[in-house]
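*Asks:* Below is the file query16.pdb, with PDB, C-alpha atoms.
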```
ATOM      1  CA  MET A 830      18.421 -12.486   0.453
ATOM      2  CA  LYS A 831      19.643 -16.069   1.024
ATOM      3  CA  LYS A 832      19.153 -15.714   4.780
ATOM      4  CA  PHE A 833      15.684 -14.284   4.198
ATOM      5  CA  SER A 834      14.876 -17.160   1.836
ATOM      6  CA  ILE A 835      15.934 -19.696   4.468
ATOM      7  CA  PHE A 836      13.902 -17.936   7.164
ATOM      8  CA  LEU A 837      10.850 -17.753   4.888
ATOM      9  CA  SER A 838      11.149 -21.431   3.997
ATOM     10  CA  ILE A 839      11.301 -22.385   7.681
ATOM     11  CA  PHE A 840       8.289 -20.197   8.463
ATOM     12  CA  ILE A 841       6.220 -21.633   5.603
ATOM     13  CA  PHE A 842       7.138 -25.168   6.695
ATOM     14  CA  TYR A 843       5.996 -24.250  10.221
ATOM     15  CA  VAL A 844       2.667 -22.920   8.874
ATOM     16  CA  ILE A 845       2.132 -26.111   6.863
ATOM     17  CA  ILE A 846       2.689 -28.201  10.005
ATOM     18  CA  CYS A 847       0.197 -26.018  11.897
ATOM     19  CA  MET A 848      -2.361 -26.546   9.144
ATOM     20  CA  VAL A 849      -1.830 -30.319   9.169
ATOM     21  CA  VAL A 850      -2.139 -30.513  12.975
ATOM     22  CA  GLN A 851      -5.190 -28.205  13.185
ATOM     23  CA  PRO A 852      -6.810 -28.213   9.727
ATOM     24  CA  THR A 853     -10.261 -27.094  10.909
ATOM     25  CA  ILE A 854      -8.922 -24.014  12.701
ATOM     26  CA  TYR A 855      -6.811 -22.901   9.746
ATOM     27  CA  MET A 856      -9.555 -23.544   7.198
ATOM     28  CA  GLN A 857     -11.794 -21.325   9.318
ATOM     29  CA  GLU A 858      -9.096 -18.652   9.487
ATOM     30  CA  ALA A 859      -8.734 -18.642   5.705
ATOM     31  CA  LEU A 860     -12.513 -18.370   5.475
ATOM     32  CA  ASN A 861     -12.410 -15.439   7.915
ATOM     33  CA  GLY A 862      -9.921 -13.773   5.598
ATOM     34  CA  PHE A 863     -12.209 -14.184   2.608
ATOM     35  CA  LYS A 864     -15.153 -12.924   4.683
ATOM     36  CA  ALA A 865     -13.198  -9.821   5.685
ATOM     37  CA  TRP A 866     -12.352  -9.284   2.017
ATOM     38  CA  ALA A 867     -15.910  -9.909   0.820
ATOM     39  CA  LEU A 868     -17.637  -7.750   3.434
ATOM     40  CA  ASN A 869     -15.143  -4.904   3.922
ATOM     41  CA  VAL A 870     -12.967  -4.674   0.810
ATOM     42  CA  LEU A 871     -14.802  -6.104  -2.207
ATOM     43  CA  PRO A 872     -17.925  -3.839  -2.145
ATOM     44  CA  CYS A 873     -15.847  -0.679  -1.772
ATOM     45  CA  VAL A 874     -12.736  -1.406  -3.773
ATOM     46  CA  LEU A 875     -13.972  -3.367  -6.822
ATOM     47  CA  PRO A 876     -16.185  -0.571  -8.257
ATOM     48  CA  PHE A 877     -13.400   1.902  -7.575
ATOM     49  CA  ILE A 878     -10.785  -0.231  -9.341
ATOM     50  CA  PHE A 879     -13.081  -0.519 -12.350
ATOM     51  CA  LEU A 880     -13.837   3.223 -12.459
ATOM     52  CA  THR A 881     -10.201   4.331 -12.038
ATOM     53  CA  LYS A 882      -9.032   1.894 -14.717
ATOM     54  CA  THR A 883     -11.740   3.253 -17.004
ATOM     55  CA  LEU A 884     -10.743   6.842 -16.252
ATOM     56  CA  SER A 885      -7.096   6.053 -16.855
ATOM     57  CA  SER A 886      -7.897   4.338 -20.164
ATOM     58  CA  LEU A 887      -9.815   7.401 -21.345
ATOM     59  CA  GLY A 888      -6.662   9.475 -20.788
ATOM     60  CA  HIS A 889      -8.243  12.452 -19.021
ATOM     61  CA  VAL A 890      -6.586  11.908 -15.641
ATOM     62  CA  GLN A 891      -3.137  12.251 -17.188
ATOM     63  CA  SER A 892      -4.179  15.554 -18.756
ATOM     64  CA  PHE A 893      -5.571  16.771 -15.437
ATOM     65  CA  SER A 894      -2.372  15.832 -13.581
ATOM     66  CA  LYS A 895      -0.330  18.152 -15.819
ATOM     67  CA  ILE A 896      -1.671  21.026 -13.711
ATOM     68  CA  PHE A 897       0.393  19.735 -10.788
ATOM     69  CA  SER A 898       3.516  18.832 -12.756
ATOM     70  CA  LYS A 899       5.577  21.899 -11.838
ATOM     71  CA  PRO A 900       4.845  21.995  -8.079
ATOM     72  CA  VAL A 901       5.426  18.240  -7.834
ATOM     73  CA  SER A 902       8.720  18.575  -9.697
ATOM     74  CA  LYS A 903       9.943  21.347  -7.403
ATOM     75  CA  PHE A 904       8.644  19.979  -4.103
ATOM     76  CA  PHE A 905       9.730  16.344  -4.609
ATOM     77  CA  ASN A 906      12.635  16.915  -7.017
ATOM     78  CA  CYS A 907      11.022  14.417  -9.390
ATOM     79  CA  PRO A 908      10.080  14.473 -13.107
ATOM     80  CA  PRO A 909       6.633  15.699 -14.239
ATOM     81  CA  GLN A 910       5.392  12.098 -14.578
ATOM     82  CA  ALA A 911       5.435  11.843 -10.779
ATOM     83  CA  SER A 912       2.306  13.999 -10.536
ATOM     84  CA  PHE A 913       0.284  11.471 -12.517
ATOM     85  CA  VAL A 914       1.661   8.510 -10.542
ATOM     86  CA  PHE A 915       0.965  10.252  -7.224
ATOM     87  CA  LEU A 916      -2.577  11.111  -8.267
ATOM     88  CA  MET A 917      -3.328   7.550  -9.400
ATOM     89  CA  SER A 918      -1.710   6.148  -6.247
ATOM     90  CA  ILE A 919      -3.920   8.138  -3.868
ATOM     91  CA  ILE A 920      -6.981   7.378  -6.006
ATOM     92  CA  SER A 921      -6.403   3.667  -6.628
ATOM     93  CA  GLY A 922      -4.405   2.552  -3.574
ATOM     94  CA  TYR A 923      -1.798  -0.166  -3.054
ATOM     95  CA  PRO A 924       0.141  -1.279  -5.082
ATOM     96  CA  VAL A 925      -0.769   0.909  -8.094
ATOM     97  CA  GLY A 926       1.851   3.584  -7.333
ATOM     98  CA  ALA A 927       4.668   1.045  -7.149
ATOM     99  CA  LYS A 928       3.545  -0.607 -10.390
ATOM    100  CA  MET A 929       3.365   2.697 -12.283
ATOM    101  CA  THR A 930       6.774   3.789 -10.956
ATOM    102  CA  ALA A 931       8.318   0.516 -12.085
ATOM    103  CA  ASP A 932       6.671   0.852 -15.508
ATOM    104  CA  LEU A 933       8.106   4.351 -15.978
ATOM    105  CA  TYR A 934      11.568   3.070 -15.061
ATOM    106  CA  GLN A 935      11.307   0.078 -17.381
ATOM    107  CA  THR A 936      10.320   2.328 -20.283
ATOM    108  CA  ARG A 937      13.286   4.600 -19.421
ATOM    109  CA  GLN A 938      11.121   7.618 -18.722
ATOM    110  CA  ILE A 939      12.682   8.080 -15.266
ATOM    111  CA  THR A 940      16.028   7.212 -13.719
ATOM    112  CA  LYS A 941      16.616   4.860 -10.790
ATOM    113  CA  THR A 942      17.251   7.823  -8.462
ATOM    114  CA  GLU A 943      13.949   9.418  -9.475
ATOM    115  CA  ALA A 944      12.163   6.091  -9.006
ATOM    116  CA  TYR A 945      13.593   5.752  -5.483
ATOM    117  CA  ARG A 946      12.317   9.234  -4.655
ATOM    118  CA  MET A 947       8.882   8.519  -6.114
ATOM    119  CA  THR A 948       8.351   5.360  -4.061
ATOM    120  CA  SER A 949       8.531   7.475  -0.905
ATOM    121  CA  PHE A 950       5.252   9.251  -1.707
ATOM    122  CA  CYS A 951       3.666   7.211  -4.520
ATOM    123  CA  SER A 952       2.968   4.114  -2.427
ATOM    124  CA  THR A 953      -0.358   4.827  -0.757
ATOM    125  CA  SER A 954      -3.706   3.293   0.084
ATOM    126  CA  GLY A 955      -6.880   4.552  -1.571
ATOM    127  CA  PRO A 956      -9.930   6.460  -0.303
ATOM    128  CA  MET A 957     -12.406   3.626  -0.848
ATOM    129  CA  PHE A 958     -10.467   1.275   1.421
ATOM    130  CA  ILE A 959      -9.659   3.926   4.045
ATOM    131  CA  ILE A 960     -12.942   5.850   4.070
ATOM    132  CA  GLY A 961     -15.246   3.046   2.975
ATOM    133  CA  ALA A 962     -13.829  -0.206   4.341
ATOM    134  CA  VAL A 963     -11.989   1.094   7.430
ATOM    135  CA  GLY A 964     -13.934   4.256   8.269
ATOM    136  CA  ALA A 965     -17.549   3.419   7.486
ATOM    137  CA  GLY A 966     -17.157  -0.364   7.646
ATOM    138  CA  MET A 967     -14.865  -1.069  10.599
ATOM    139  CA  LEU A 968     -14.887   2.119  12.675
ATOM    140  CA  LYS A 969     -18.558   2.791  11.829
ATOM    141  CA  SER A 970     -17.689   6.424  11.114
ATOM    142  CA  SER A 971     -16.938   8.038   7.764
ATOM    143  CA  LEU A 972     -15.603  11.101   9.623
ATOM    144  CA  PHE A 973     -12.727   9.143  11.145
ATOM    145  CA  GLY A 974     -12.175   7.495   7.780
ATOM    146  CA  TYR A 975     -11.668  10.954   6.246
ATOM    147  CA  ILE A 976      -9.269  11.849   9.062
ATOM    148  CA  ILE A 977      -7.193   8.741   8.351
ATOM    149  CA  PHE A 978      -7.174   9.445   4.608
ATOM    150  CA  ILE A 979      -6.161  13.105   4.983
ATOM    151  CA  SER A 980      -3.433  12.146   7.463
ATOM    152  CA  HIS A 981      -2.262   9.362   5.159
ATOM    153  CA  VAL A 982      -1.956  11.645   2.116
ATOM    154  CA  LEU A 983      -0.296  14.512   4.028
ATOM    155  CA  GLY A 984       2.101  12.001   5.573
ATOM    156  CA  ALA A 985       3.029  10.814   2.072
ATOM    157  CA  ILE A 986       3.658  14.387   0.930
ATOM    158  CA  ILE A 987       5.928  15.079   3.903
ATOM    159  CA  ASN A 988       7.673  11.770   3.325
ATOM    160  CA  GLY A 989       8.327  12.599  -0.322
ATOM    161  CA  PHE A 990       9.877  15.927   0.650
ATOM    162  CA  ILE A 991      12.185  14.220   3.170
ATOM    163  CA  TYR A 992      13.515  11.801   0.532
ATOM    164  CA  LYS A 993      13.802  14.375  -2.291
ATOM    165  CA  LYS A 994      17.611  14.268  -2.283
ATOM    166  CA  ILE A 995      18.108  10.526  -2.029
ATOM    167  CA  LYS A 996      20.292   9.009  -4.762
ATOM    168  CA  ALA A 997      20.771   5.513  -6.158
ATOM    169  CA  LYS A 998      24.262   4.040  -5.932
ATOM    170  CA  GLU A 999      24.171   3.121  -9.602
ATOM    171  CA  GLU A1000      22.563   5.858 -11.682
ATOM    172  CA  ASP A1001      21.119   5.516 -15.164
ATOM    173  CA  VAL A1002      21.186   7.753 -18.205
ATOM    174  CA  LYS A1003      18.380  10.299 -18.063
ATOM    175  CA  ILE A1004      16.022   9.655 -20.960
ATOM    176  CA  TYR A1005      12.532  11.074 -21.074
ATOM    177  CA  SER A1006       9.789  10.067 -23.468
ATOM    178  CA  THR A1007       8.652  13.112 -25.415
ATOM    179  CA  SER A1008       5.234  11.668 -26.268
ATOM    180  CA  PRO A1009       2.753  10.158 -23.814
ATOM    181  CA  GLN A1010       1.835   6.499 -24.144
ATOM    182  CA  LYS A1011      -1.241   5.933 -26.248
ATOM    183  CA  GLN A1012      -4.323   5.150 -24.179
ATOM    184  CA  THR A1013      -6.785   2.543 -25.442
ATOM    185  CA  PHE A1014     -10.293   1.945 -24.148
ATOM    186  CA  ASN A1015     -11.263  -1.736 -23.958
ATOM    187  CA  ILE A1016     -14.175  -2.453 -21.625
ATOM    188  CA  GLY A1017     -13.553  -6.225 -21.665
ATOM    189  CA  GLU A1018      -9.916  -5.776 -20.676
ATOM    190  CA  ILE A1019     -10.885  -3.333 -17.926
ATOM    191  CA  VAL A1020     -13.407  -5.793 -16.467
ATOM    192  CA  ASN A1021     -10.924  -8.677 -16.583
ATOM    193  CA  ASP A1022      -8.110  -6.633 -15.039
ATOM    194  CA  SER A1023     -10.415  -5.353 -12.296
ATOM    195  CA  ALA A1024     -11.634  -8.859 -11.459
ATOM    196  CA  ILE A1025      -8.133 -10.318 -11.398
ATOM    197  CA  SER A1026      -6.839  -7.472  -9.231
ATOM    198  CA  ILE A1027      -9.582  -7.779  -6.612
ATOM    199  CA  ILE A1028      -9.307 -11.601  -6.509
ATOM    200  CA  ALA A1029      -5.546 -11.268  -5.987
ATOM    201  CA  VAL A1030      -6.204  -8.913  -3.071
ATOM    202  CA  GLY A1031      -8.629 -11.416  -1.529
ATOM    203  CA  THR A1032      -6.128 -14.252  -1.909
ATOM    204  CA  ILE A1033      -3.370 -12.297  -0.192
ATOM    205  CA  ILE A1034      -5.687 -11.273   2.650
ATOM    206  CA  ALA A1035      -6.777 -14.894   3.236
ATOM    207  CA  ILE A1036      -3.187 -16.198   3.194
ATOM    208  CA  PHE A1037      -1.998 -13.588   5.646
ATOM    209  CA  PHE A1038      -4.943 -14.300   7.950
ATOM    210  CA  VAL A1039      -3.535 -17.840   8.101
ATOM    211  CA  PHE A1040      -0.030 -16.488   8.739
ATOM    212  CA  ILE A1041      -1.297 -14.316  11.577
ATOM    213  CA  ARG A1042      -3.089 -17.300  13.132
ATOM    214  CA  SER A1043       0.156 -19.268  13.108
ATOM    215  CA  LEU A1044       1.779 -16.459  15.089
ATOM    216  CA  ALA A1045      -0.925 -16.544  17.801
ATOM    217  CA  PRO A1046       1.457 -18.087  20.416
ATOM    218  CA  LEU A1047       3.729 -15.068  19.966
ATOM    219  CA  PHE A1048       0.917 -12.510  19.983
ATOM    220  CA  ASN A1049      -0.539 -14.013  23.172
ATOM    221  CA  LEU A1050       2.536 -12.770  25.036
ATOM    222  CA  PHE A1051       1.415  -9.152  24.466
ATOM    223  CA  PRO A1052      -1.561  -7.110  25.774
ATOM    224  CA  ALA A1053      -4.694  -7.324  23.625
ATOM    225  CA  SER A1054      -4.621  -3.542  23.152
ATOM    226  CA  ILE A1055      -1.510  -3.724  20.963
ATOM    227  CA  VAL A1056      -2.069  -7.080  19.259
ATOM    228  CA  GLY A1057      -4.240  -5.461  16.566
ATOM    229  CA  THR A1058      -1.435  -3.075  15.635
ATOM    230  CA  MET A1059       1.060  -5.953  15.545
ATOM    231  CA  GLU A1060      -1.272  -7.884  13.261
ATOM    232  CA  GLY A1061      -1.660  -4.789  11.100
ATOM    233  CA  LEU A1062       2.087  -4.699  10.548
ATOM    234  CA  ILE A1063       1.608  -8.051   8.820
ATOM    235  CA  GLU A1064      -1.766  -7.566   7.073
ATOM    236  CA  ILE A1065      -3.631  -4.265   7.256
ATOM    237  CA  THR A1066      -7.192  -5.553   6.818
ATOM    238  CA  LYS A1067      -6.915  -8.028   9.703
ATOM    239  CA  GLY A1068      -5.084  -5.476  11.844
ATOM    240  CA  CYS A1069      -7.622  -2.707  11.254
ATOM    241  CA  LEU A1070     -10.520  -5.073  11.995
ATOM    242  CA  ASP A1071      -9.078  -6.035  15.389
ATOM    243  CA  ILE A1072      -8.005  -2.471  16.185
ATOM    244  CA  ALA A1073     -11.548  -1.227  15.519
ATOM    245  CA  ASN A1074     -13.011  -3.915  17.787
ATOM    246  CA  ILE A1075     -10.621  -3.401  20.704
ATOM    247  CA  LEU A1076      -9.514   0.236  20.956
ATOM    248  CA  PRO A1077     -11.530   3.433  21.640
ATOM    249  CA  ILE A1078     -12.468   5.269  18.445
ATOM    250  CA  LYS A1079      -9.781   7.993  18.541
ATOM    251  CA  LEU A1080      -6.983   5.633  19.536
ATOM    252  CA  ALA A1081      -8.206   3.165  16.909
ATOM    253  CA  THR A1082      -8.100   5.945  14.301
ATOM    254  CA  LEU A1083      -4.495   6.745  15.225
ATOM    255  CA  ALA A1084      -3.452   3.082  15.177
ATOM    256  CA  CYS A1085      -5.192   2.469  11.833
ATOM    257  CA  THR A1086      -3.418   5.501  10.359
ATOM    258  CA  PHE A1087      -0.035   4.049  11.337
ATOM    259  CA  VAL A1088      -0.890   0.553  10.097
ATOM    260  CA  ILE A1089      -2.347   1.702   6.753
ATOM    261  CA  SER A1090       0.532   4.105   6.059
ATOM    262  CA  PHE A1091       3.120   1.427   6.835
ATOM    263  CA  GLY A1092       1.180  -0.930   4.610
ATOM    264  CA  GLY A1093       1.826  -4.204   6.367
ATOM    265  CA  LEU A1094       4.132  -6.981   5.254
ATOM    266  CA  SER A1095       1.621  -8.262   2.689
ATOM    267  CA  THR A1096       1.365  -4.905   0.909
ATOM    268  CA  ILE A1097       5.113  -4.288   1.110
ATOM    269  CA  LEU A1098       5.745  -7.651  -0.547
ATOM    270  CA  GLN A1099       3.219  -6.808  -3.269
ATOM    271  CA  SER A1100       4.974  -3.498  -3.936
ATOM    272  CA  LEU A1101       8.472  -4.996  -3.900
ATOM    273  CA  THR A1102       7.316  -7.580  -6.428
ATOM    274  CA  MET A1103       6.196  -4.738  -8.693
ATOM    275  CA  LEU A1104       9.543  -2.969  -8.138
ATOM    276  CA  ASN A1105      11.630  -6.059  -8.879
ATOM    277  CA  LYS A1106      13.038  -4.766 -12.180
ATOM    278  CA  LEU A1107      13.999  -1.559 -10.415
ATOM    279  CA  LYS A1108      16.047  -3.549  -7.877
ATOM    280  CA  MET A1109      14.543  -1.469  -5.106
ATOM    281  CA  PRO A1110      16.549  -1.950  -1.867
ATOM    282  CA  VAL A1111      14.260  -3.749   0.587
ATOM    283  CA  GLY A1112      15.661  -1.851   3.559
ATOM    284  CA  LEU A1113      15.140   1.534   1.899
ATOM    285  CA  PHE A1114      11.539   0.777   0.935
ATOM    286  CA  ILE A1115      10.668  -0.468   4.429
ATOM    287  CA  LEU A1116      12.293   2.661   5.888
ATOM    288  CA  GLN A1117      10.222   4.846   3.549
ATOM    289  CA  LYS A1118       7.033   3.093   4.641
ATOM    290  CA  PHE A1119       7.978   3.403   8.323
ATOM    291  CA  THR A1120       8.681   7.144   8.095
ATOM    292  CA  HIS A1121       5.447   7.596   6.137
ATOM    293  CA  ALA A1122       3.600   5.874   9.006
ATOM    294  CA  ILE A1123       5.287   8.136  11.556
ATOM    295  CA  PHE A1124       4.489  11.373   9.700
ATOM    296  CA  ALA A1125       0.891  10.312   9.005
ATOM    297  CA  SER A1126       0.379   9.409  12.678
ATOM    298  CA  ILE A1127       1.700  12.786  13.805
ATOM    299  CA  VAL A1128      -0.685  14.551  11.431
ATOM    300  CA  CYS A1129      -3.558  12.335  12.597
ATOM    301  CA  GLY A1130      -2.790  12.980  16.274
ATOM    302  CA  PHE A1131      -2.855  16.733  15.624
ATOM    303  CA  ILE A1132      -6.205  16.565  13.819
ATOM    304  CA  LEU A1133      -7.732  14.416  16.569
ATOM    305  CA  LEU A1134      -7.003  17.172  19.087
ATOM    306  CA  PHE A1135      -9.773  19.213  17.456
ATOM    307  CA  VAL A1136     -12.334  16.396  17.040
TER     308      VAL A1136
END
```
What would the structure in this file look like if it were written as structure tokens?

*Replies:*
Amino acid sequence: MKKFSIFLSIFIFYVIICMVVQPTIYMQEALNGFKAWALNVLPCVLPFIFLTKTLSSLGHVQSFSKIFSKPVSKFFNCPPQASFVFLMSIISGYPVGAKMTADLYQTRQITKTEAYRMTSFCSTSGPMFIIGAVGAGMLKSSLFGYIIFISHVLGAIINGFIYKKIKAKEEDVKIYSTSPQKQTFNIGEIVNDSAISIIAVGTIIAIFFVFIRSLAPLFNLFPASIVGTMEGLIEITKGCLDIANILPIKLATLACTFVISFGGLSTILQSLTMLNKLKMPVGLFILQKFTHAIFASIVCGFILLFV
């Protein structure tokens, strides 16, 4: 972590110098990030965040998820709570799954081993970003957005099965809560939380647009056809935008599936921040995201054979 901290400090210092030397270019890049957020993410994701938070507050989703408790427990070797977290993760998107997993661990409803298993399939993007922002917005096709989403979810399921026997080095005492947490409906709190969440997403997107711009000298060494994917490994919105503009539709769909399933450095950092109290190994989480991207891409490639 010390080496990473030193590297990050050097990189940030480099970005600051770039901004001082070329302020106009970097101000424009930050603006481009906010435009991408405002035009492709905000209209699709904000209403969805509000509606899912409302649904969760009403408590009915948790009741519905009980139907899947047993199959989830057997297939993923996880506690019944995993079904609710998985459902909310695929509905709400990054980083909701990571946050809910960390909350369950902090309240001692799951062990560290179970939390490690859950992060392998409960860290997903949501349908409004994939189908709405990427499919309809960037690829100009809801059909390919659905293909990405289906591949993404199936990839997560396969990934969860692969990691079902993973164990933490230091295990905790297994204590389950016998009564569900009380749900409260507060429309003001839901609105505030939704607004803060979507503004945070926009801020991260804008910052990572700036980061990507600072890496332009490195990216220029590679063919334009793969630069979008490289950018997507840092920030998925920027990467998907460039992929959609450069690659043919089917190849763009495949590349977007990989990028979205991996999550990009920005999303991974968001999730790891949520999982801080869990002391989630950085290497393990990145490996889980990489294998998720591989499985989702394989599924996507198979589906595209019939489109």

*Asks:* Hey, which of A:Phe1135, A:Phe950, A:Tyr945, A:Phe1038 ends up closest to Ala997 in chain A? Count only C-alpha atoms.

*Replies:* A:Tyr945

*Asks:* Report the distance between CA of Gly989 in chain A and CA of Thr1086 in chain A in Å, rounded to one decimal place.

*Replies:* 17.4 Å

*Asks:* Taking the file as I've supplied it (selection: the PyMOL selection byres ((chain A and resi 953) around 7)), which residues are included? Please answer as a PyMOL selection string.

*Replies:* chain A and resi 918-919+922-923+951-952+954-955+1090

*Asks:* Could you make a table, as CSV, of the residues of range 933-1041 of chain A that have an atom within 12 Å of an atom of range 830-850 of chain A, each with its nearest atom pair and distance in Å to one decimal, counting all atoms listed in the file, in chain and number order?

*Replies:*
```
residue,atom,partner,partner_atom,distance
A:Ile1036,CA,A:Val844,CA,10.6
A:Phe1037,CA,A:Val844,CA,10.9
A:Phe1038,CA,A:Val844,CA,11.5
A:Val1039,CA,A:Val844,CA,8.1
A:Phe1040,CA,A:Val844,CA,7.0
A:Ile1041,CA,A:Val844,CA,9.9
```

*Asks:* Between CA of Ile1025 in chain A and CA of Leu916 in chain A, what is the distance in Å, rounded to a tenth?

*Replies:*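 It comes out at 22.4 Å.
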
*Asks:* Taking the file as I've supplied it (selection: the PyMOL selection byres ((chain A and resi 1123) around 12)), which residues are included? Please answer as a ChimeraX atom specification.

*Replies:* /A:980-981,983-985,987-988,1083-1091,1116-1122,1124-1130

*Asks:* Residues as selected, C-alpha atoms, written as a compact mmCIF listing (two decimals), keeping the file's coordinate frame, can you do that?

*Replies:*
```txt
# COMPACT_ATOMS: atom_id res chain seq x y z
CA SER A 980 -3.43 12.15 7.46
CA HIS A 981 -2.26 9.36 5.16
CA LEU A 983 -0.30 14.51 4.03
CA GLY A 984 2.10 12.00 5.57
CA ALA A 985 3.03 10.81 2.07
CA ILE A 987 5.93 15.08 3.90
CA ASN A 988 7.67 11.77 3.32
CA LEU A 1083 -4.50 6.74 15.22
CA ALA A 1084 -3.45 3.08 15.18
CA CYS A 1085 -5.19 2.47 11.83
CA THR A 1086 -3.42 5.50 10.36
CA PHE A 1087 -0.04 4.05 11.34
CA VAL A 1088 -0.89 0.55 10.10
CA ILE A 1089 -2.35 1.70 6.75
CA SER A 1090 0.53 4.11 6.06
CA PHE A 1091 3.12 1.43 6.84
CA LEU A 1116 12.29 2.66 5.89
CA GLN A 1117 10.22 4.85 3.55
CA LYS A 1118 7.03 3.09 4.64
CA PHE A 1119 7.98 3.40 8.32
CA THR A 1120 8.68 7.14 8.10
CA HIS A 1121 5.45 7.60 6.14
CA ALA A 1122 3.60 5.87 9.01
CA PHE A 1124 4.49 11.37 9.70
CA ALA A 1125 0.89 10.31 9.01
CA SER A 1126 0.38 9.41 12.68
CA ILE A 1127 1.70 12.79 13.80
CA VAL A 1128 -0.68 14.55 11.43
CA CYS A 1129 -3.56 12.34 12.60
CA GLY A 1130 -2.79 12.98 16.27
```

*Asks:* Would you write out, as a VMD selection string, every residue that the PyMOL selection byres ((chain A and resi 910) around 10) captures in this file?

*Replies:* chain A and resid 891 894 to 895 897 to 898 901 to 902 907 to 909 911 to 915 929 to 930 933 938 to 939 947 1005 1009

*Asks:* Taking all atoms listed in the file into account, which of A:Ser1043, A:Gln935, A:Ser1054, A:Thr1066 comes nearest Phe958 in chain A?

*Replies:*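 Once distances to Phe958 in chain A are computed over all atoms listed in the file, the minimum belongs to A:Thr1066.
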
*Asks:* Regenerate range 964-975 of chain A at the level of N, CA, C and O atoms and dump it as a PDB file, keeping the file's coordinate frame.

*Replies:*
```
ATOM      1  N   GLY A 964     -13.138   3.239   7.587  1.00  0.00           N
ATOM      2  CA  GLY A 964     -13.934   4.256   8.269  1.00  0.00           C
ATOM      3  C   GLY A 964     -15.376   3.844   8.484  1.00  0.00           C
ATOM      4  O   GLY A 964     -15.811   3.588   9.610  1.00  0.00           O
ATOM      5  N   ALA A 965     -16.124   3.754   7.386  1.00  0.00           N
ATOM      6  CA  ALA A 965     -17.549   3.419   7.486  1.00  0.00           C
ATOM      7  C   ALA A 965     -17.785   1.976   7.905  1.00  0.00           C
ATOM      8  O   ALA A 965     -18.692   1.680   8.686  1.00  0.00           O
ATOM      9  N   GLY A 966     -16.945   1.048   7.376  1.00  0.00           N
ATOM     10  CA  GLY A 966     -17.157  -0.364   7.646  1.00  0.00           C
ATOM     11  C   GLY A 966     -16.697  -0.842   9.009  1.00  0.00           C
ATOM     12  O   GLY A 966     -17.452  -1.474   9.743  1.00  0.00           O
ATOM     13  N   MET A 967     -15.442  -0.537   9.361  1.00  0.00           N
ATOM     14  CA  MET A 967     -14.865  -1.069  10.599  1.00  0.00           C
ATOM     15  C   MET A 967     -15.040  -0.129  11.791  1.00  0.00           C
ATOM     16  O   MET A 967     -15.425  -0.562  12.886  1.00  0.00           O
ATOM     17  N   LEU A 968     -14.764   1.146  11.582  1.00  0.00           N
ATOM     18  CA  LEU A 968     -14.887   2.119  12.675  1.00  0.00           C
ATOM     19  C   LEU A 968     -16.304   2.659  12.812  1.00  0.00           C
ATOM     20  O   LEU A 968     -16.607   3.379  13.766  1.00  0.00           O
ATOM     21  N   LYS A 969     -17.160   2.334  11.844  1.00  0.00           N
ATOM     22  CA  LYS A 969     -18.558   2.791  11.829  1.00  0.00           C
ATOM     23  C   LYS A 969     -18.664   4.315  11.813  1.00  0.00           C
ATOM     24  O   LYS A 969     -19.590   4.894  12.346  1.00  0.00           O
ATOM     25  N   SER A 970     -17.691   4.969  11.179  1.00  0.00           N
ATOM     26  CA  SER A 970     -17.689   6.424  11.114  1.00  0.00           C
ATOM     27  C   SER A 970     -16.905   6.900   9.895  1.00  0.00           C
ATOM     28  O   SER A 970     -15.685   6.737   9.833  1.00  0.00           O
ATOM     29  N   SER A 971     -17.615   7.488   8.934  1.00  0.00           N
ATOM     30  CA  SER A 971     -16.938   8.038   7.764  1.00  0.00           C
ATOM     31  C   SER A 971     -16.031   9.204   8.145  1.00  0.00           C
ATOM     32  O   SER A 971     -14.990   9.423   7.518  1.00  0.00           O
ATOM     33  N   LEU A 972     -16.408   9.958   9.183  1.00  0.00           N
ATOM     34  CA  LEU A 972     -15.603  11.101   9.623  1.00  0.00           C
ATOM     35  C   LEU A 972     -14.182  10.668   9.961  1.00  0.00           C
ATOM     36  O   LEU A 972     -13.213  11.275   9.500  1.00  0.00           O
ATOM     37  N   PHE A 973     -14.064   9.604  10.762  1.00  0.00           N
ATOM     38  CA  PHE A 973     -12.727   9.143  11.145  1.00  0.00           C
ATOM     39  C   PHE A 973     -12.017   8.498   9.967  1.00  0.00           C
ATOM     40  O   PHE A 973     -10.789   8.491   9.909  1.00  0.00           O
ATOM     41  N   GLY A 974     -12.780   7.986   9.003  1.00  0.00           N
ATOM     42  CA  GLY A 974     -12.175   7.495   7.780  1.00  0.00           C
ATOM     43  C   GLY A 974     -11.537   8.627   6.993  1.00  0.00           C
ATOM     44  O   GLY A 974     -10.425   8.496   6.472  1.00  0.00           O
ATOM     45  N   TYR A 975     -12.227   9.775   6.914  1.00  0.00           N
ATOM     46  CA  TYR A 975     -11.668  10.954   6.246  1.00  0.00           C
ATOM     47  C   TYR A 975     -10.416  11.457   6.964  1.00  0.00           C
ATOM     48  O   TYR A 975      -9.452  11.887   6.326  1.00  0.00           O
TER      49      TYR A 975
END
```
